[in-house]
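J.: This is the structure I want to talk about, given as structure tokens.
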Amino acid sequence: MELLSVAFFVGLLAATLRMATPLLFATMGELLTERAGVLNLGIEGTMLLGAMAGYLVTYKTGSLWLGLLGALLTGALLGLLMAFMAVTLGVSQHVSGLGITLLATGLSLYIYRMVIGAPSVPPSIRPFQILAIPALAQLPVIGPILFQQYLLVWVALALVPSTSLLLFRTSLGLKIRTVGENPKAAEVAGVSVYGIRYLCLMVGGALMALGGAFLSTAHFNMFLFGMVAGRGWISIALVVFGNWRPGKCLAGALFFGGLDALQLRLQAVGFQAVPYQFFLVLPYILTIVALVSVSRRAAYPGSLLLPYKRGEA
Amino acid sequence: MITLRLERRHPLPLWQQAILPLLSVLAALGLCALLVLWAGADLLRAYAALFAGALGSRFAILETFVKTAPLTLTGLAVALAFRAKFWNIGAEGQLYAGATAATWFGLTFTETPAWLLLPMLLVGSFLAGGLWALVPGLLKARLKVDDVVTTLLMNYIMLYLVSALVDGPWREPVSQWPQSPDIVEAAQLPILLERSRFHLGIPLAFVSAGLVWLLLARTPLGYAIKAVGVNPRAAEFGGIRTTRVVAVTALLSGGLAGLAGAGELAGIQFHLMEAISPGYGYSGIVVAMLGGLHPLGVVLAAFFFGVVNNGAQHMSRVTGVPTYLVEVMQGVTLLAMLAALLLNEYRLRWARR
């Protein structure tokens with residue numbers, strides 16, 4: 001493969017969108033829950049259990065769509081559990097989120113082992129195929145980048161303006177933001193703080209799980225124990241980096257997707273000036289650098305991390 | 001409609017607080033019973049095998065201590081950090097930092113006698129883990145960068161660093177898997193009880209618990225750590241320099257996790273590899289919470305999970321229940337403990353509406 005050719009860049013950008021897709025789903029999910037005032041550290045485990053559920057349901061039923069549905073429901077259930085802990089009981093969001101990640105990770109491995117066992121080669125499914133939109137896909141350069149993609153890539157991209165519209169142009173979005181900034185004022189205005197938080201955590205959890213399912217049903221054709229590999233944590237950083245704005249989060253997700261895509265390509269062409277681990281570690285280092293760079297102006301939602309108890313000051 | 005209501009109450013007396021971890025463990029065993037039954041195993045037989053595998057013989061008990069020691073150290077690391085509200089989720093990476101330092105000492109100082117090399121190795125591992133935690137500690141204290149995310153991301157950075165080392169400059173040429181050569185014998189922690197793997201690092205873990213207790217209960221620094229944890233702004237007004245306290249806490253916390261790495265490397269494995277810890281760093285969070293962030297509680301909680309970790313293999317062999325039950329149990333215990341702690345602050349009331 002020729003480095004620095006047009007074909008190389010077209011391939012790189014198309015792969016960037018694919019690598020950014022799980023981050024986008026997870027980031028939009030986390031953005032939603034944080035806008036409502038709840039930090040969900042269950043994200044990493046939710047993505048893994050979503051990946052497992054998406055794979056397993058597809059494997060058992062042969063239907064990728066049922067697989068995605070399974071992932072969505074799994075994520076919503078984990079969101080419900082997070083809501084029970086952080087909203088109803090009002091205990092530490094940090095620790096309950098970590099508990100959910102531990103639980104969901106354990107369940108993913110346990111259920112996989114129970115149903116699939118421990119074969120030397122993990123059984124594969126027939127994954128989602130890349131679709132080409134007639135005519136548009138033939139356009140030079142942007143055709144192969146934008147219009148020859150997995151369906152879920154388009155869904156993830158469409159999710160960004162949708163989240164933005166929801167949050168900033170609808171009354172529900174106003175309620176969500178009020179609950180996240182000042183739950184007391186929201187309650188006075190007749191908004192159910194608990195209801196909004198439950199809703200956001202369940203929808204957010206479903207989106208995180210969908211991001212995981214993209215990995216097991218499109219990006220790969222099987223479930224691997226380490227397949228989420230910190231993407232949940234990176235998504236949490238992306239929300240801070242994007243200053244709780246969907247558009248800025250998209251920019252961050254594309255950047256990290258691009259880094260991932262570049263890393264895979266350099267490995268593939270046998271680039272050996274530095275060990276391959278260097279490229280794998282780069283996203284994590286850059287995430288920390290990005291967090292440091294925005295730390296001064298990070299505008300956290302006002303009530304993030306604070307439990308709200310009805311009738312208490 | 002009948003609803004559950006929470007009413008504020010005075011904290012429970014200490015002896016009643018001690019029941020809360022027991023309640024959470026029972027809840028976890030109860031919920032995990034569903035998974036055991038799903039695996040088609042006889043519940044009593046499975047749990048009996050779990051405990052027999054961990055406590056059924058001299059060797060089994062000593063192996064349980066082998067698992068308890070790193071859990072104690074990572075549990076102490078997390079407990080100390082959480083006391084100061086420094087959200088150190090990075091004990092796993094700090095453990096690997098300690099193990100990497102131990103490897104370096106054990107591969108570099110080939111002529112140094114054990115009486116000198118072992119202290120060097122332990123101090124070096126402590127510092128390596130501590131410095132790895134100091135980075136997110138300083139970022140939090142000085143620049144207000146979220147510590148949860150940075151400590152988590154530092155775990156991945158450390159793992160890839162270890163991967164690059166054992167796959168590159170430290171690669172043992174004859175072995176099939178990427179791993180370093182064995183460290184010299186003088187750098188290996190002596191075995192204290194024959195026909196076992198009960199090494200010097202195990203009593204050191206318990207001594208560390210005593211020292212952390214002394215630090216928290218009897219020193220000005222311990223007081224400052226707790227004050228910062230309760231209310232950083234009030235602590236600052238009271239003349240405590242919070243930035244410095246958070247930094248020192250991070251250093252000590254990471255150091256304890258680094259010691260866990262030294263114990264695993266110089267006491268058990270003797271060579272560095274990617275799979276040196278089965279997630280002891282993350283388990284440390286569960287251990288710390290279950291132990292009520294108290295050093296004595298941490299030791300007891302670490303012993304419980306030492307039992308579960310060690311017995312799971314035997315349970316799996318006898319009944320076919322996957323060992324991943326341990327991971328599930330950790331998650332459920334943590335959630336149950338969080339809910340149980342609520343009983344300390346609130347009275348549950350069933351109210352008719």
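Following the order of the structure tokens, first chain is A, next is B, and so on, with residues numbered from 1 inside each chain and ligands from 1 in the order they appear.
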Select, as number ranges by chain, those residues of chain B with any atom no more than 8 Å from chain A (distances computed using only C-alpha atoms).
T.: B: 39, 139, 143-146, 149-150, 152-154, 156-157, 160-161, 163-164, 322-332, 334-335, 338-339, 342
J.: Could the residues in this selection be saved with C-alpha atoms as an mmCIF file, in the first residue's frame?
T.:
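After the write, again-v2.cif holds the following:
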```cif
data_model
loop_
_atom_site.group_PDB
_atom_site.id
_atom_site.type_symbol
_atom_site.label_atom_id
_atom_site.label_comp_id
_atom_site.auth_asym_id
_atom_site.auth_seq_id
_atom_site.Cartn_x
_atom_site.Cartn_y
_atom_site.Cartn_z
ATOM 1 C CA ALA B 39 -25.090 -23.351 35.684
ATOM 2 C CA LEU B 139 -3.423 17.218 37.891
ATOM 3 C CA LEU B 143 -5.431 21.981 37.613
ATOM 4 C CA LYS B 144 -8.754 20.459 38.745
ATOM 5 C CA VAL B 145 -8.541 17.706 36.112
ATOM 6 C CA ASP B 146 -11.067 14.945 36.866
ATOM 7 C CA VAL B 149 -10.829 9.558 34.248
ATOM 8 C CA THR B 150 -7.096 10.264 34.482
ATOM 9 C CA LEU B 152 -8.381 5.043 34.741
ATOM 10 C CA LEU B 153 -6.588 6.104 31.562
ATOM 11 C CA MET B 154 -3.199 5.808 33.286
ATOM 12 C CA TYR B 156 -4.103 1.544 30.026
ATOM 13 C CA ILE B 157 -0.954 3.588 29.470
ATOM 14 C CA TYR B 160 0.860 -0.867 27.050
ATOM 15 C CA LEU B 161 4.176 0.224 28.542
ATOM 16 C CA SER B 163 3.485 -4.827 26.897
ATOM 17 C CA ALA B 164 6.114 -2.871 24.961
ATOM 18 C CA PRO B 322 -17.477 -20.593 35.640
ATOM 19 C CA THR B 323 -14.883 -18.757 37.756
ATOM 20 C CA TYR B 324 -16.230 -15.479 36.364
ATOM 21 C CA LEU B 325 -18.727 -15.752 39.217
ATOM 22 C CA VAL B 326 -16.043 -13.948 41.247
ATOM 23 C CA GLU B 327 -16.242 -10.848 39.043
ATOM 24 C CA VAL B 328 -20.033 -10.766 39.293
ATOM 25 C CA MET B 329 -19.839 -11.228 43.052
ATOM 26 C CA GLN B 330 -17.467 -8.277 43.373
ATOM 27 C CA GLY B 331 -19.837 -6.014 41.471
ATOM 28 C CA VAL B 332 -22.892 -7.110 43.426
ATOM 29 C CA LEU B 334 -20.019 -3.251 45.929
ATOM 30 C CA LEU B 335 -23.554 -2.211 44.973
ATOM 31 C CA LEU B 338 -23.430 1.099 48.928
ATOM 32 C CA ALA B 339 -27.090 0.410 49.576
ATOM 33 C CA LEU B 342 -27.581 4.009 53.507
#
```
J.: Excluding segment 10-20 of chain A and residues on its chain fewer than 4 positions from it, collect all residues at most 8 Å away from it, counting only C-alpha atoms, and give them as a list in words.
T.: Val6, Leu24, Val141, Ile142, Pro144, Ile145, Leu146, Gln149, Tyr150, Val153, His219, Ala253, Leu254, Phe256, Gly257, Gly258, Leu259, Asp260, Ala261, Leu262 and Arg265 of chain A
J.: Rounded to one decimal in Å, what is the spacing between atom CA of Ala186 of chain B and atom CA of Leu118 of chain B?
T.: 7.4 Å
J.: Env of segment 210-227 of chain B: 12 Å cut, atoms = only C-alpha atoms, seq-sep filter 2 positions within chain, self excluded. Answer as a ChimeraX atom specification.
T.: /B:72-73,75-86,203-208,229-250,252-253,255-256,293-299
J.: Could you check the closest approach to Arg58 of chain B for each of B:Leu193, B:Leu6, B:Ala257, B:Val148 and tell me which residue wins, using only C-alpha atoms?
T.: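 The shortest atom-to-atom distance to Arg58 of chain B comes from B:Leu193.
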J.: Pick from B:Leu44, B:Met158, B:Ala33, B:Ala262: nearest to Leu121 of chain B, with only C-alpha atoms counted?
T.: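 Answer, going by the shortest atom-to-atom distance: B:Ala262.
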J.: Compile the contact shell of segment 12-18 of chain B as an MDAnalysis selection string: residues with an atom at most 9 Å away, counting only C-alpha atoms, same-chain residues fewer than 2 positions apart removed.
T.: chainID B and resid 9:10 20:22 292 297 341 343:345
J.: How would the residues just chosen look if you wrote them out with C-alpha atoms as a tab-separated table (two decimals), in the first residue's frame?
T.:
```
chain	number	residue	atom	x	y	z
B	9	ARG	CA	-31.51	9.23	61.44
B	10	HIS	CA	-28.49	9.36	63.72
B	20	LEU	CA	-23.48	-3.79	57.12
B	21	PRO	CA	-20.60	-5.51	55.26
B	22	LEU	CA	-21.92	-8.89	56.39
B	292	GLY	CA	-15.61	0.72	55.30
B	297	GLY	CA	-11.96	-3.61	57.62
B	341	LEU	CA	-24.37	2.10	54.02
B	343	LEU	CA	-29.02	2.22	56.54
B	344	ASN	CA	-26.42	4.10	58.55
B	345	GLU	CA	-27.92	7.44	57.57
```
J.: Among the residues of segment 195-327 of chain B, find those DSSP assigns to alpha helix (DSSP H) from the backbone and print them as a compact mmCIF listing (two decimals) with C-alpha atoms, in the first residue's frame.
T.:
```
# COMPACT_ATOMS: atom_id res chain seq x y z
CA GLY B 201 5.42 -9.74 51.00
CA ILE B 202 2.40 -11.25 52.75
CA PRO B 203 3.25 -10.21 56.33
CA LEU B 204 4.45 -6.90 54.89
CA ALA B 205 0.93 -6.31 53.53
CA PHE B 206 -0.53 -6.72 57.00
CA VAL B 207 2.16 -4.50 58.53
CA SER B 208 1.20 -1.89 55.92
CA ALA B 209 -2.39 -2.07 57.13
CA GLY B 210 -1.17 -1.35 60.66
CA LEU B 211 0.91 1.59 59.43
CA VAL B 212 -2.02 3.05 57.49
CA TRP B 213 -4.13 2.75 60.62
CA LEU B 214 -1.43 4.58 62.62
CA LEU B 215 -1.19 7.23 59.91
CA LEU B 216 -4.93 7.88 59.83
CA ALA B 217 -5.62 7.64 63.55
CA ARG B 218 -2.52 9.07 65.18
CA PRO B 220 -1.40 15.19 61.84
CA LEU B 221 -1.13 14.07 58.21
CA GLY B 222 -3.86 11.48 58.79
CA TYR B 223 -6.04 14.15 60.34
CA ALA B 224 -5.41 16.41 57.34
CA ILE B 225 -6.28 13.62 54.89
CA LYS B 226 -9.60 13.00 56.62
CA ALA B 227 -10.33 16.73 56.89
CA VAL B 228 -9.73 17.24 53.16
CA GLY B 229 -12.02 14.30 52.46
CA VAL B 230 -14.85 15.65 54.57
CA PRO B 232 -11.75 20.55 51.33
CA ARG B 233 -12.80 24.18 51.60
CA ALA B 234 -13.20 24.04 55.37
CA ALA B 235 -9.85 22.26 55.59
CA GLU B 236 -8.24 25.04 53.59
CA PHE B 237 -9.72 27.67 55.91
CA THR B 242 -5.13 20.79 50.46
CA THR B 243 -3.00 20.69 47.30
CA ARG B 244 -0.10 19.23 49.24
CA VAL B 245 -2.32 16.80 51.17
CA VAL B 246 -3.89 15.44 47.97
CA ALA B 247 -0.44 15.05 46.39
CA VAL B 248 0.96 13.19 49.42
CA THR B 249 -2.16 11.01 49.59
CA ALA B 250 -1.76 10.13 45.92
CA LEU B 251 1.90 9.26 46.47
CA LEU B 252 1.15 7.00 49.45
CA SER B 253 -1.89 5.43 47.80
CA GLY B 254 -0.02 4.62 44.61
CA GLY B 255 2.92 3.41 46.67
CA LEU B 256 0.76 0.84 48.45
CA ALA B 257 -0.51 -0.44 45.09
CA GLY B 258 3.10 -0.46 43.87
CA LEU B 259 4.04 -2.70 46.81
CA ALA B 260 1.31 -5.12 45.71
CA GLY B 261 3.08 -5.23 42.33
CA ALA B 262 6.44 -5.88 44.01
CA GLY B 263 4.90 -8.76 45.96
CA TYR B 280 -6.34 -6.82 41.85
CA GLY B 281 -6.35 -3.04 41.34
CA TYR B 282 -10.05 -2.92 40.47
CA SER B 283 -10.90 -5.44 43.20
CA GLY B 284 -9.20 -3.02 45.59
CA ILE B 285 -12.15 -0.66 45.15
CA VAL B 286 -14.57 -3.36 46.31
CA VAL B 287 -12.26 -4.35 49.17
CA ALA B 288 -11.91 -0.74 50.33
CA MET B 289 -15.65 -0.05 50.26
CA LEU B 290 -16.56 -3.36 51.90
CA PRO B 295 -7.54 -0.49 57.52
CA LEU B 296 -8.80 -3.33 59.72
CA GLY B 297 -11.96 -3.61 57.62
CA VAL B 298 -9.80 -3.67 54.50
CA VAL B 299 -7.80 -6.63 55.81
CA LEU B 300 -10.98 -8.57 56.60
CA ALA B 301 -12.59 -7.71 53.25
CA ALA B 302 -9.37 -8.65 51.43
CA PHE B 303 -9.37 -11.99 53.21
CA PHE B 304 -12.97 -12.60 52.14
CA PHE B 305 -12.14 -11.92 48.49
CA GLY B 306 -8.92 -13.90 48.90
CA VAL B 307 -11.13 -16.84 49.85
CA VAL B 308 -13.48 -16.26 46.93
CA ASN B 309 -10.65 -15.77 44.42
CA ASN B 310 -8.78 -18.84 45.59
CA GLY B 311 -11.80 -21.09 46.04
CA ALA B 312 -13.38 -20.29 42.68
CA GLN B 313 -10.96 -22.55 40.79
CA HIS B 314 -11.87 -25.52 42.98
CA MET B 315 -15.60 -24.72 42.73
CA SER B 316 -15.29 -24.56 38.96
CA ARG B 317 -13.52 -27.93 38.79
CA VAL B 318 -16.00 -29.68 41.07
CA THR B 319 -19.28 -28.17 39.87
CA LEU B 325 -18.73 -15.75 39.22
CA VAL B 326 -16.04 -13.95 41.25
CA GLU B 327 -16.24 -10.85 39.04
```
